[in-house]
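> Handing you this structure, nothing more for now.
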Amino acid sequence: MKKIIGDMTLSKYKKYFNVKFFLYGFVAISLYSIFKSCSKDTLVEEVIEEVTIQPDNFKFGYNLNNYQVINDTVRSGDSFGVLLEKHQLFYPKIHHISEKTKEVFDVRRLRIGKPYTVLFSKEETKAPLVFIYQPSKIEYLVVEFCDSIIASIERKPVKIIEKESFGVIESTLSETMENQGLPTQLIYDMSDDIYAWTIDFSRLQKGDNFKVIYNERFVDDSVYAGIESIKAAYFEHKGEAFYAFNYMNQESKNNTDYFDENAKSLRKAFLKAPLQFSRISSRYNLKRRIAYYGNRVKPHKGTDFAAPIGTPILATANGTVIESRRKGGNGNYVKIRHNATFSTQYLHMSRRLVKVGDYVKQGDVIGKVGMTGNTGGPHVCYRFWKNGKQVDPFRQKLPDAKALPAHLKSNFEEFIAPLRQQLDSIN
């Protein structure tokens, strides 16, 4: 003990030790109090200054939270160049962008009323980074112009929902379906596509009824994007039942077609008309007198279908375009050879959309209704050739579409069994 404390006596050491201990303790308690007080203040401050995390807003593959976003629609007079100029991009860069873009999309086809989006950097808003154009509810064009120009056509995720409908005819098919709030496209598909050659919809009777199973498309979870397909349908006309099943024939390049319950195709090789919505304004008539030619007798070897300028003209059957030009009284016209026997011709177009050598399928749009050549109003003159001679298409016994091969019938019957049961159970 003496060695440790030197000359200090034991009592003095104890007194010294107690004082020193007291001072150390006081300092420790004070520091703890200060620390505790600071910690509490820090916690209070953290509670007061809560950080709000903004949820991601992904659209078109971009998190829009990271950009300054401008949404607008194409207006009259707008072009791709005009739109980019509005947002601080100028020639010759616009020309360079257009050249790169045309590999995937023709920017001259921007349509009035269609939406577009421009993305800018939040830090520097002088020039845009991305241009997005939506030609449809499903597809959209993306053009990036950062270090390099990248253009692509993308598709939004599509949700398919199956629906069923049933109706009893009171007046017309369209009125009955419209009263039920059914999509317009469904009406046209039923009357002009599935049953066009089976049922005369101008002669429906009160009490005729239909059932249909179809798929609707939706994008962005709730935005309606049209009919995907009609899976199966049933129509009772004059007490007779007409079934239709949408079946994929793998031997016809995976194309679907409509067949009845006996695997017989509901289509003909030719459509009745080259327009979806029209009326016959003049029929095939070899003794017709025409005021345009001084009321002289001048054979009319075509069938005129009146429709507004710009109405799409459809190929009535599969075939190869053998003429596409403008000539005399025919105006702009297209002629298609379907096989060694039949050809069709479509006159007075405002625009021709196919060229010689193109192969077209039944229902493809080949031009637009116009008034070119000798015509008193907008229409398409539809001419029908059989063995090189113009004939009246409505007096011809036209061939049916190809029937389902016999070896596929068992597969077809297995495919339609649950669909027929589903149709029969719809009330």
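Within each chain, counting starts at residue 1; across the structure tokens, chains are named A, B, ... in the order shown, with ligands numbered 1 upward in that order.
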Might you pull out every residue within 8 Å of region 73-88 of chain A, with only C-alpha atoms counted and same-chain residues fewer than 3 positions away left off, and present them as a tab-separated table (two decimals) with C-alpha atoms, in the first residue's frame?

```tsv
chain	number	residue	atom	x	y	z
A	94	ILE	CA	-35.47	16.15	-87.82
A	95	HIS	CA	-34.64	14.78	-91.29
A	107	VAL	CA	-44.05	9.27	-89.85
A	108	ARG	CA	-46.07	10.78	-92.71
A	110	LEU	CA	-49.57	10.61	-88.25
A	111	ARG	CA	-53.34	10.95	-87.86
A	112	ILE	CA	-55.30	13.89	-86.45
A	113	GLY	CA	-56.64	13.22	-82.96
A	114	LYS	CA	-54.11	10.54	-82.05
A	115	PRO	CA	-52.20	11.14	-78.77
A	116	TYR	CA	-48.48	11.63	-78.41
A	126	LYS	CA	-34.32	22.50	-73.85
A	127	ALA	CA	-34.48	19.43	-76.10
A	128	PRO	CA	-36.67	16.30	-75.83
```
> At a cut-off of 10 Å, using only C-alpha atoms, what residues contact Tyr346 (chain A)? Leave out same-chain residues fewer than 2 positions from it and give the result as JSON, numbers by chain.
{"A": [274, 302, 303, 304, 313, 314, 315, 324, 330, 331, 332, 333, 334, 335, 336, 344, 348, 349, 352, 366, 367, 368, 369, 379, 380, 381, 382, 383, 384]}
> Restricting it to N, CA and C atoms, dump the selection as a compact mmCIF listing (two decimals), in the first residue's frame.

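Ended up saving to part09.txt:
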```txt
# COMPACT_ATOMS: atom_id res chain seq x y z
N PRO A 274 -67.61 -5.35 -102.04
CA PRO A 274 -66.26 -4.89 -101.74
C PRO A 274 -66.21 -3.83 -100.64
N GLY A 302 -71.04 -3.37 -114.46
CA GLY A 302 -70.57 -3.47 -113.08
C GLY A 302 -71.70 -3.27 -112.11
N THR A 303 -71.39 -3.39 -110.82
CA THR A 303 -72.35 -3.12 -109.76
C THR A 303 -71.78 -1.96 -108.93
N ASP A 304 -72.56 -0.87 -108.83
CA ASP A 304 -72.09 0.31 -108.11
C ASP A 304 -72.51 0.24 -106.64
N ILE A 313 -62.00 0.01 -99.49
CA ILE A 313 -62.46 -0.95 -100.49
C ILE A 313 -61.74 -2.27 -100.22
N LEU A 314 -62.49 -3.36 -100.17
CA LEU A 314 -61.95 -4.66 -99.78
C LEU A 314 -61.82 -5.59 -100.98
N ALA A 315 -60.76 -6.39 -101.00
CA ALA A 315 -60.65 -7.47 -101.97
C ALA A 315 -61.70 -8.51 -101.63
N SER A 324 -52.98 -1.93 -111.48
CA SER A 324 -53.19 -0.89 -110.48
C SER A 324 -52.74 0.42 -111.11
N ASN A 330 -62.41 5.00 -116.12
CA ASN A 330 -62.30 4.13 -114.94
C ASN A 330 -61.70 4.86 -113.74
N GLY A 331 -60.96 5.93 -114.02
CA GLY A 331 -60.26 6.61 -112.93
C GLY A 331 -59.20 5.70 -112.34
N ASN A 332 -58.94 5.86 -111.07
CA ASN A 332 -58.03 4.95 -110.36
C ASN A 332 -58.71 3.60 -110.16
N TYR A 333 -58.06 2.54 -110.56
CA TYR A 333 -58.69 1.23 -110.38
C TYR A 333 -57.63 0.15 -110.10
N VAL A 334 -58.14 -0.96 -109.57
CA VAL A 334 -57.32 -2.14 -109.27
C VAL A 334 -58.02 -3.35 -109.84
N LYS A 335 -57.26 -4.25 -110.44
CA LYS A 335 -57.82 -5.51 -110.93
C LYS A 335 -57.04 -6.66 -110.31
N ILE A 336 -57.80 -7.69 -109.87
CA ILE A 336 -57.21 -8.84 -109.18
C ILE A 336 -57.58 -10.12 -109.90
N THR A 344 -61.61 -9.79 -110.54
CA THR A 344 -62.49 -8.69 -110.11
C THR A 344 -61.78 -7.37 -110.35
N HIS A 348 -62.86 3.86 -109.85
CA HIS A 348 -63.14 5.22 -109.34
C HIS A 348 -62.53 5.47 -107.96
N MET A 349 -61.45 4.80 -107.62
CA MET A 349 -60.83 4.97 -106.31
C MET A 349 -60.23 6.38 -106.14
N ARG A 352 -55.20 4.23 -104.48
CA ARG A 352 -54.89 2.82 -104.65
C ARG A 352 -53.83 2.44 -103.62
N ILE A 366 -57.67 -2.57 -100.30
CA ILE A 366 -56.86 -2.37 -101.50
C ILE A 366 -56.94 -0.93 -102.03
N GLY A 367 -57.86 -0.13 -101.49
CA GLY A 367 -57.99 1.24 -101.93
C GLY A 367 -59.08 1.96 -101.15
N LYS A 368 -59.37 3.20 -101.56
CA LYS A 368 -60.39 4.02 -100.90
C LYS A 368 -61.40 4.53 -101.92
N VAL A 369 -62.65 4.61 -101.53
CA VAL A 369 -63.72 5.10 -102.41
C VAL A 369 -63.42 6.54 -102.84
N HIS A 379 -68.49 6.43 -105.25
CA HIS A 379 -68.89 5.02 -105.21
C HIS A 379 -67.73 4.18 -105.75
N VAL A 380 -67.84 2.87 -105.60
CA VAL A 380 -66.93 1.95 -106.27
C VAL A 380 -67.76 1.12 -107.26
N CYS A 381 -67.29 1.08 -108.50
CA CYS A 381 -67.92 0.23 -109.50
C CYS A 381 -67.19 -1.12 -109.45
N TYR A 382 -67.92 -2.15 -109.06
CA TYR A 382 -67.35 -3.48 -108.87
C TYR A 382 -67.65 -4.33 -110.10
N ARG A 383 -66.61 -4.75 -110.79
CA ARG A 383 -66.79 -5.57 -111.99
C ARG A 383 -66.26 -6.97 -111.76
N PHE A 384 -67.02 -7.93 -112.28
CA PHE A 384 -66.73 -9.35 -112.01
C PHE A 384 -66.51 -10.06 -113.34
```
> Residues within 10 Å of region 257-270 of chain A, please, as a PyMOL selection string. Count only C-alpha atoms; anything in the same chain fewer than 3 positions from it doesn't count.
chain A and resi 193-198+230-234+242-249+252+254+273-274+315-318+338+362-363+393+398-406+408-410+412-413+416-417+420
> Which neighbours of region 139-145 of chain A fall inside 12 Å, counting only C-alpha atoms, when residues of the same chain fewer than 3 positions from it are skipped, and could you give them as a PyMOL selection string?
chain A and resi 59-62+80+84+89+93-94+96-107+109-110+114-120+127-136+148-158+219+225
> Quick one: everything within 12 Å of Glu240 (chain A), counting only C-alpha atoms, minus sequence neighbours fewer than 2 positions away in the same chain. Send it as number ranges by chain.
A: 198-199, 205, 207-210, 234-238, 242-243
> To one decimal place in Å, what is the distance between CA of Ile309 (chain A) and CA of Gly370 (chain A)?
4.9 Å
> For Tyr359 (chain A), please output as a PyMOL selection string all residues within 7 Å (counting only C-alpha atoms; exclusion window: fewer than 6 positions along the same chain).
chain A and resi 319-321
> Please, could you write that set of residues out with C-alpha atoms as a CSV table (one decimal), in the first residue's frame?

```csv
chain,number,residue,atom,x,y,z
A,319,GLY,CA,-55.7,-13.3,-105.4
A,320,THR,CA,-52.9,-11.4,-107.2
A,321,VAL,CA,-53.0,-7.8,-108.3
```
> Hey, can you check how far CA of Leu347 (chain A) sits from CA of Lys361 (chain A)?
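Interatomic distance here is 18.7 Å.
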> So the first atom is CA of Lys137 (chain A) and the second is CA of Asp56 (chain A); what is the distance between them in Å, to one decimal place?
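Between CA of Lys137 (chain A) and CA of Asp56 (chain A) the gap works out to 22.1 Å.
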> Let's see if you can do this: from backbone DSSP, list all strand (DSSP E or B) residues in region 31-181 of chain A, as an MDAnalysis selection string.
chainID A and resid 58:59 62:63 67:73 115:121 130:133 139:145 149:155 158:168
> Rank A:Lys272, A:Arg326, A:His407, A:Arg296 by their smallest atom-to-atom distance to Asp200 (chain A), using only C-alpha atoms, and report the top residue only.
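So, comparing all the options, the nearest one is A:Lys272.
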> Using DSSP on the backbone, list every residue of region 176-318 of chain A that comes out as alpha helix (DSSP H), and give them as a ChimeraX atom specification.
/A:176-179,184-188
